[in-house]
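Structure below is protein05.txt: compact mmCIF, N, CA and C atoms.
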# COMPACT_ATOMS: atom_id res chain seq x y z
N ARG A 19 16.14 -13.52 8.70
CA ARG A 19 14.82 -14.11 8.91
C ARG A 19 14.33 -13.80 10.32
N GLU A 20 15.26 -13.86 11.28
CA GLU A 20 14.89 -13.56 12.66
C GLU A 20 14.40 -12.12 12.79
N ALA A 21 15.03 -11.21 12.04
CA ALA A 21 14.62 -9.80 12.08
C ALA A 21 13.20 -9.64 11.53
N ALA A 22 12.86 -10.42 10.49
CA ALA A 22 11.50 -10.34 9.93
C ALA A 22 10.49 -10.87 10.93
N VAL A 23 10.84 -11.94 11.65
CA VAL A 23 9.95 -12.48 12.68
C VAL A 23 9.75 -11.44 13.78
N ASP A 24 10.82 -10.77 14.18
CA ASP A 24 10.71 -9.71 15.19
C ASP A 24 9.80 -8.58 14.70
N LEU A 25 9.92 -8.26 13.42
CA LEU A 25 9.09 -7.21 12.85
C LEU A 25 7.62 -7.59 12.90
N ILE A 26 7.31 -8.83 12.55
CA ILE A 26 5.92 -9.29 12.58
C ILE A 26 5.39 -9.24 14.00
N ALA A 27 6.19 -9.65 14.97
CA ALA A 27 5.77 -9.59 16.38
C ALA A 27 5.52 -8.15 16.81
N ALA A 28 6.41 -7.25 16.39
CA ALA A 28 6.24 -5.83 16.72
C ALA A 28 5.00 -5.26 16.08
N LEU A 29 4.75 -5.65 14.85
CA LEU A 29 3.56 -5.19 14.15
C LEU A 29 2.30 -5.65 14.88
N ALA A 30 2.31 -6.90 15.28
CA ALA A 30 1.16 -7.45 16.00
C ALA A 30 0.94 -6.75 17.34
N SER A 31 2.01 -6.26 17.93
CA SER A 31 1.89 -5.60 19.23
C SER A 31 1.19 -4.25 19.12
N GLY A 32 1.28 -3.63 17.94
CA GLY A 32 0.68 -2.31 17.76
C GLY A 32 1.49 -1.19 18.39
N ASP A 33 2.64 -1.50 18.93
CA ASP A 33 3.48 -0.52 19.61
C ASP A 33 4.44 0.12 18.60
N ASP A 34 4.29 1.42 18.38
CA ASP A 34 5.12 2.13 17.40
C ASP A 34 6.62 2.02 17.71
N LEU A 35 6.97 2.09 18.98
CA LEU A 35 8.40 2.01 19.34
C LEU A 35 8.97 0.63 19.03
N GLN A 36 8.20 -0.42 19.29
CA GLN A 36 8.66 -1.77 18.96
C GLN A 36 8.78 -1.93 17.44
N GLN A 37 7.84 -1.37 16.70
CA GLN A 37 7.90 -1.45 15.24
C GLN A 37 9.14 -0.75 14.72
N LEU A 38 9.41 0.43 15.24
CA LEU A 38 10.58 1.19 14.80
C LEU A 38 11.87 0.42 15.11
N ALA A 39 11.96 -0.13 16.30
CA ALA A 39 13.16 -0.89 16.68
C ALA A 39 13.34 -2.11 15.78
N ALA A 40 12.25 -2.81 15.49
CA ALA A 40 12.34 -4.00 14.63
C ALA A 40 12.76 -3.61 13.22
N CYS A 41 12.25 -2.49 12.73
CA CYS A 41 12.61 -2.03 11.39
C CYS A 41 14.07 -1.63 11.32
N GLU A 42 14.55 -0.97 12.36
CA GLU A 42 15.94 -0.55 12.39
C GLU A 42 16.90 -1.72 12.54
N ASN A 43 16.39 -2.86 13.01
CA ASN A 43 17.23 -4.05 13.18
C ASN A 43 17.25 -4.92 11.92
N GLY A 44 16.85 -4.37 10.79
CA GLY A 44 16.97 -5.08 9.53
C GLY A 44 15.78 -5.94 9.13
N GLY A 45 14.65 -5.76 9.78
CA GLY A 45 13.48 -6.58 9.47
C GLY A 45 12.82 -6.26 8.15
N LEU A 46 13.06 -5.08 7.61
CA LEU A 46 12.35 -4.68 6.39
C LEU A 46 12.92 -5.30 5.12
N ARG A 47 14.21 -5.49 5.03
CA ARG A 47 14.78 -6.05 3.79
C ARG A 47 14.25 -7.45 3.48
N PRO A 48 14.24 -8.38 4.45
CA PRO A 48 13.66 -9.70 4.13
C PRO A 48 12.18 -9.60 3.78
N LEU A 49 11.49 -8.72 4.46
CA LEU A 49 10.07 -8.53 4.17
C LEU A 49 9.89 -7.94 2.77
N ALA A 50 10.75 -7.00 2.39
CA ALA A 50 10.67 -6.40 1.06
C ALA A 50 10.91 -7.44 -0.03
N SER A 51 11.79 -8.39 0.24
CA SER A 51 12.04 -9.43 -0.76
C SER A 51 10.80 -10.30 -0.99
N LEU A 52 9.94 -10.40 0.01
CA LEU A 52 8.71 -11.19 -0.15
C LEU A 52 7.72 -10.53 -1.09
N LEU A 53 7.85 -9.24 -1.33
CA LEU A 53 6.96 -8.55 -2.27
C LEU A 53 7.08 -9.12 -3.68
N SER A 54 8.24 -9.70 -3.99
CA SER A 54 8.49 -10.27 -5.31
C SER A 54 8.30 -11.79 -5.34
N SER A 55 7.77 -12.34 -4.28
CA SER A 55 7.60 -13.78 -4.19
C SER A 55 6.67 -14.31 -5.28
N SER A 56 6.97 -15.49 -5.78
CA SER A 56 6.08 -16.12 -6.76
C SER A 56 4.83 -16.66 -6.09
N ASP A 57 4.87 -16.79 -4.77
CA ASP A 57 3.70 -17.19 -3.99
C ASP A 57 2.86 -15.93 -3.77
N LEU A 58 1.75 -15.83 -4.50
CA LEU A 58 0.94 -14.61 -4.46
C LEU A 58 0.41 -14.28 -3.07
N ASP A 59 0.07 -15.30 -2.29
CA ASP A 59 -0.40 -15.06 -0.93
C ASP A 59 0.70 -14.47 -0.06
N GLU A 60 1.91 -15.00 -0.20
CA GLU A 60 3.05 -14.50 0.55
C GLU A 60 3.33 -13.04 0.19
N ALA A 61 3.32 -12.75 -1.10
CA ALA A 61 3.56 -11.37 -1.55
C ALA A 61 2.46 -10.44 -1.07
N ALA A 62 1.21 -10.90 -1.12
CA ALA A 62 0.08 -10.08 -0.67
C ALA A 62 0.17 -9.81 0.83
N ASN A 63 0.58 -10.80 1.59
CA ASN A 63 0.72 -10.60 3.03
C ASN A 63 1.82 -9.60 3.34
N ALA A 64 2.94 -9.70 2.64
CA ALA A 64 4.03 -8.73 2.83
C ALA A 64 3.56 -7.32 2.47
N LEU A 65 2.79 -7.22 1.40
CA LEU A 65 2.27 -5.92 0.98
C LEU A 65 1.36 -5.32 2.05
N GLN A 66 0.54 -6.16 2.66
CA GLN A 66 -0.35 -5.68 3.72
C GLN A 66 0.45 -5.19 4.93
N VAL A 67 1.56 -5.86 5.23
CA VAL A 67 2.41 -5.40 6.33
C VAL A 67 2.97 -4.01 6.01
N PHE A 68 3.42 -3.83 4.76
CA PHE A 68 3.93 -2.50 4.38
C PHE A 68 2.81 -1.45 4.39
N ARG A 69 1.61 -1.87 4.10
CA ARG A 69 0.47 -0.95 4.18
C ARG A 69 0.34 -0.40 5.60
N VAL A 70 0.42 -1.29 6.58
CA VAL A 70 0.31 -0.89 7.98
C VAL A 70 1.51 -0.05 8.40
N LEU A 71 2.71 -0.54 8.07
CA LEU A 71 3.92 0.17 8.48
C LEU A 71 4.03 1.56 7.85
N SER A 72 3.57 1.70 6.62
CA SER A 72 3.69 2.99 5.94
C SER A 72 2.79 4.06 6.56
N SER A 73 1.85 3.64 7.38
CA SER A 73 1.01 4.64 8.06
C SER A 73 1.78 5.32 9.19
N ASN A 74 2.91 4.74 9.59
CA ASN A 74 3.76 5.33 10.62
C ASN A 74 4.81 6.20 9.94
N GLU A 75 4.65 7.49 10.08
CA GLU A 75 5.53 8.45 9.40
C GLU A 75 7.01 8.22 9.72
N CYS A 76 7.30 7.75 10.93
CA CYS A 76 8.69 7.52 11.34
C CYS A 76 9.34 6.36 10.59
N LEU A 77 8.54 5.50 9.99
CA LEU A 77 9.08 4.32 9.32
C LEU A 77 9.24 4.49 7.82
N ARG A 78 8.74 5.56 7.27
CA ARG A 78 8.71 5.69 5.80
C ARG A 78 10.08 5.70 5.17
N GLU A 79 11.04 6.39 5.75
CA GLU A 79 12.40 6.40 5.20
C GLU A 79 12.99 4.99 5.24
N GLU A 80 12.75 4.26 6.33
CA GLU A 80 13.25 2.89 6.45
C GLU A 80 12.65 2.00 5.36
N ILE A 81 11.36 2.20 5.08
CA ILE A 81 10.69 1.41 4.05
C ILE A 81 11.31 1.68 2.68
N VAL A 82 11.58 2.93 2.39
CA VAL A 82 12.23 3.29 1.12
C VAL A 82 13.62 2.68 1.06
N GLN A 83 14.38 2.80 2.15
CA GLN A 83 15.75 2.27 2.18
C GLN A 83 15.79 0.75 2.03
N ALA A 84 14.69 0.08 2.35
CA ALA A 84 14.64 -1.38 2.22
C ALA A 84 14.48 -1.82 0.77
N GLY A 85 14.32 -0.86 -0.14
CA GLY A 85 14.24 -1.20 -1.56
C GLY A 85 12.84 -1.56 -2.05
N THR A 86 11.83 -1.08 -1.37
CA THR A 86 10.45 -1.45 -1.73
C THR A 86 9.90 -0.72 -2.94
N VAL A 87 10.37 0.48 -3.20
CA VAL A 87 9.73 1.33 -4.21
C VAL A 87 9.69 0.69 -5.61
N PRO A 88 10.79 0.14 -6.14
CA PRO A 88 10.71 -0.47 -7.48
C PRO A 88 9.67 -1.59 -7.56
N THR A 89 9.61 -2.42 -6.52
CA THR A 89 8.64 -3.52 -6.53
C THR A 89 7.22 -2.99 -6.43
N LEU A 90 7.00 -1.98 -5.62
CA LEU A 90 5.67 -1.39 -5.50
C LEU A 90 5.23 -0.80 -6.84
N VAL A 91 6.14 -0.17 -7.55
CA VAL A 91 5.83 0.40 -8.86
C VAL A 91 5.49 -0.71 -9.85
N ARG A 92 6.24 -1.82 -9.82
CA ARG A 92 5.93 -2.95 -10.71
C ARG A 92 4.54 -3.51 -10.44
N LEU A 93 4.11 -3.49 -9.19
CA LEU A 93 2.79 -4.01 -8.84
C LEU A 93 1.66 -3.18 -9.48
N LEU A 94 1.96 -1.95 -9.85
CA LEU A 94 0.94 -1.09 -10.46
C LEU A 94 0.53 -1.58 -11.84
N THR A 95 1.40 -2.35 -12.49
CA THR A 95 1.11 -2.82 -13.84
C THR A 95 1.21 -4.34 -13.94
N ALA A 96 0.99 -5.02 -12.83
CA ALA A 96 1.24 -6.47 -12.76
C ALA A 96 0.26 -7.32 -13.55
N GLY A 97 -0.94 -6.88 -13.78
CA GLY A 97 -1.90 -7.73 -14.48
C GLY A 97 -3.32 -7.36 -14.12
N SER A 98 -4.22 -8.28 -14.41
CA SER A 98 -5.62 -7.91 -14.23
C SER A 98 -6.45 -8.93 -13.45
N THR A 99 -5.82 -9.82 -12.70
CA THR A 99 -6.61 -10.70 -11.86
C THR A 99 -7.10 -9.91 -10.64
N THR A 100 -8.07 -10.43 -9.97
CA THR A 100 -8.59 -9.74 -8.79
C THR A 100 -7.49 -9.52 -7.77
N GLN A 101 -6.67 -10.55 -7.52
CA GLN A 101 -5.57 -10.43 -6.55
C GLN A 101 -4.59 -9.34 -6.98
N GLN A 102 -4.26 -9.28 -8.27
CA GLN A 102 -3.32 -8.26 -8.75
C GLN A 102 -3.93 -6.86 -8.66
N ASP A 103 -5.24 -6.75 -8.90
CA ASP A 103 -5.90 -5.45 -8.75
C ASP A 103 -5.85 -4.97 -7.30
N ILE A 104 -6.07 -5.90 -6.37
CA ILE A 104 -6.00 -5.55 -4.95
C ILE A 104 -4.58 -5.13 -4.60
N SER A 105 -3.60 -5.88 -5.08
CA SER A 105 -2.20 -5.54 -4.82
C SER A 105 -1.85 -4.17 -5.39
N CYS A 106 -2.36 -3.88 -6.57
CA CYS A 106 -2.12 -2.58 -7.20
C CYS A 106 -2.68 -1.46 -6.33
N THR A 107 -3.89 -1.65 -5.85
CA THR A 107 -4.55 -0.63 -5.02
C THR A 107 -3.77 -0.41 -3.72
N VAL A 108 -3.33 -1.48 -3.09
CA VAL A 108 -2.56 -1.36 -1.85
C VAL A 108 -1.20 -0.73 -2.15
N ALA A 109 -0.57 -1.12 -3.25
CA ALA A 109 0.72 -0.53 -3.62
C ALA A 109 0.57 0.98 -3.83
N LEU A 110 -0.51 1.40 -4.46
CA LEU A 110 -0.76 2.83 -4.63
C LEU A 110 -0.88 3.54 -3.28
N GLU A 111 -1.58 2.90 -2.36
CA GLU A 111 -1.74 3.48 -1.02
C GLU A 111 -0.39 3.64 -0.34
N VAL A 112 0.43 2.60 -0.40
CA VAL A 112 1.75 2.66 0.24
C VAL A 112 2.61 3.73 -0.44
N LEU A 113 2.63 3.74 -1.77
CA LEU A 113 3.43 4.74 -2.48
C LEU A 113 2.97 6.16 -2.16
N SER A 114 1.68 6.36 -2.03
CA SER A 114 1.19 7.71 -1.71
C SER A 114 1.66 8.14 -0.32
N ARG A 115 1.71 7.21 0.60
CA ARG A 115 2.21 7.54 1.94
C ARG A 115 3.72 7.81 1.90
N LEU A 116 4.44 7.00 1.14
CA LEU A 116 5.89 7.18 1.05
C LEU A 116 6.24 8.49 0.35
N ALA A 117 5.35 8.99 -0.50
CA ALA A 117 5.62 10.21 -1.25
C ALA A 117 5.74 11.44 -0.36
N SER A 118 5.38 11.31 0.91
CA SER A 118 5.57 12.44 1.83
C SER A 118 7.05 12.64 2.16
N SER A 119 7.87 11.66 1.78
CA SER A 119 9.31 11.74 2.00
C SER A 119 9.98 12.27 0.73
N SER A 120 10.82 13.29 0.87
CA SER A 120 11.51 13.82 -0.30
C SER A 120 12.46 12.78 -0.90
N THR A 121 13.04 11.93 -0.06
CA THR A 121 13.92 10.87 -0.56
C THR A 121 13.13 9.91 -1.44
N ALA A 122 11.95 9.53 -0.97
CA ALA A 122 11.11 8.61 -1.75
C ALA A 122 10.67 9.25 -3.06
N CYS A 123 10.32 10.53 -3.02
CA CYS A 123 9.89 11.21 -4.25
C CYS A 123 11.01 11.24 -5.28
N ARG A 124 12.22 11.54 -4.84
CA ARG A 124 13.37 11.54 -5.75
C ARG A 124 13.59 10.13 -6.31
N HIS A 125 13.49 9.15 -5.44
CA HIS A 125 13.69 7.76 -5.87
C HIS A 125 12.61 7.35 -6.88
N MET A 126 11.36 7.72 -6.61
CA MET A 126 10.27 7.40 -7.54
C MET A 126 10.51 8.05 -8.89
N SER A 127 10.96 9.27 -8.86
CA SER A 127 11.25 9.98 -10.11
C SER A 127 12.40 9.31 -10.87
N ASP A 128 13.45 8.94 -10.13
CA ASP A 128 14.63 8.32 -10.75
C ASP A 128 14.32 7.00 -11.43
N ILE A 129 13.38 6.23 -10.90
CA ILE A 129 13.09 4.91 -11.48
C ILE A 129 11.92 4.94 -12.46
N GLY A 130 11.39 6.13 -12.74
CA GLY A 130 10.33 6.25 -13.73
C GLY A 130 8.92 6.02 -13.20
N ALA A 131 8.76 6.07 -11.90
CA ALA A 131 7.45 5.81 -11.31
C ALA A 131 6.43 6.87 -11.68
N ILE A 132 6.87 8.09 -11.88
CA ILE A 132 5.94 9.18 -12.19
C ILE A 132 5.22 8.88 -13.51
N VAL A 133 5.95 8.39 -14.49
CA VAL A 133 5.35 8.04 -15.78
C VAL A 133 4.32 6.94 -15.60
N VAL A 134 4.66 5.93 -14.81
CA VAL A 134 3.72 4.83 -14.56
C VAL A 134 2.46 5.34 -13.88
N LEU A 135 2.62 6.23 -12.91
CA LEU A 135 1.46 6.79 -12.20
C LEU A 135 0.58 7.61 -13.14
N ILE A 136 1.19 8.39 -14.01
CA ILE A 136 0.43 9.20 -14.97
C ILE A 136 -0.32 8.28 -15.94
N GLU A 137 0.35 7.25 -16.42
CA GLU A 137 -0.31 6.29 -17.32
C GLU A 137 -1.48 5.61 -16.62
N LEU A 138 -1.30 5.29 -15.34
CA LEU A 138 -2.36 4.65 -14.57
C LEU A 138 -3.57 5.58 -14.42
N LEU A 139 -3.30 6.86 -14.23
CA LEU A 139 -4.40 7.84 -14.13
C LEU A 139 -5.18 7.94 -15.42
N GLY A 140 -4.49 7.77 -16.56
CA GLY A 140 -5.14 7.87 -17.85
C GLY A 140 -5.82 6.59 -18.31
N SER A 141 -5.63 5.51 -17.56
CA SER A 141 -6.22 4.22 -17.94
C SER A 141 -7.48 3.98 -17.12
N SER A 142 -8.02 2.79 -17.28
CA SER A 142 -9.24 2.46 -16.53
C SER A 142 -8.92 1.90 -15.15
N GLY A 143 -7.68 2.00 -14.71
CA GLY A 143 -7.34 1.56 -13.36
C GLY A 143 -6.20 0.60 -13.32
N CYS A 144 -6.02 -0.03 -12.18
CA CYS A 144 -4.92 -0.96 -11.96
C CYS A 144 -5.02 -2.15 -12.89
N GLY A 145 -3.85 -2.56 -13.39
CA GLY A 145 -3.77 -3.77 -14.19
C GLY A 145 -4.24 -3.64 -15.62
N SER A 146 -4.64 -2.46 -16.04
CA SER A 146 -5.13 -2.34 -17.43
C SER A 146 -4.07 -1.82 -18.35
As structure tokens, please, write out the structure in this file.
Amino acid sequence: REAAVDLIAALASGDDLQQLAACENGGLRPLASLLSSSDLDEAANALQVFRVLSSNECLREEIVQAGTVPTLVRLLTAGSTTQQDISCTVALEVLSRLASSSTACRHMSDIGAIVVLIELLGSSGCGS
């Protein structure tokens, strides 16, 4: 929990080096677990943090190693409320950034994410 608090402080600082250090100190795993929270606001906030962190190319491998990819893929088909549609859109953004990593691409392929993405392209959008 302390590592997650450090990560949030580093994120707020806007300093890439502090963010990297906080991520390497184990802050991502507790944050990744919040993506599956039954509290939709908590999960949405965690997702927004990953949205910001995934823009830092140096952190993408750490994000994948934290186990985020399966949960992000599940968010693509979570439902059709406005909140779930927003989460789906943000999850797509994070996954697209993570896809620049060959490790993440292999992991996405291994868990069936490619099929989900193709189905999403053929549908009317997130949550349908």
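The shortest atom-to-atom distance to Ser51 in chain A, with only N, CA and C atoms taken into account, belongs to A:Thr86 out of A:Ser141, A:Thr86, A:Ser114, A:Ser105.
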*Proximity to Ala109 in chain A - best of A:Asp33, A:Arg78, A:Ser56, A:Leu93, all atoms listed in the file*: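 Nearest candidate to Ala109 in chain A out of A:Asp33, A:Arg78, A:Ser56, A:Leu93: A:Leu93.
For the residues A:Ile129, A:Leu46, A:Ala39, A:Ala64, ranking by smallest atom-to-atom distance to Glu80 in chain A using all atoms listed in the file places A:Leu46 first.
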*Residue among A:Leu94, A:Val134, A:Leu52, A:Ala62 lying closest to Leu110 in chain A, counting all atoms listed in the file*: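 Checking each of A:Leu94, A:Val134, A:Leu52, A:Ala62 against Leu110 in chain A, counting all atoms listed in the file, the winner is A:Leu94.
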*Return the single residue from A:Leu29, A:Leu35, A:Thr89, A:Cys41 that is closest to Val70 in chain A, with distances computed using only N, CA and C atoms.*
A:Leu29
*Which distance in Å separates CA of Glu79 in chain A and CA of Glu60 in chain A, to one decimal?*
23.4 Å
*What separation in Å, quoted to one decimal, exists between atom C of Arg115 in chain A and CA of Val91 in chain A?*
13.2 Å
*d(CA of Gly45 in chain A, CA of Thr95 in chain A) in Å*: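 Atom-to-atom, CA of Gly45 in chain A to CA of Thr95 in chain A, that is 26.7 Å.
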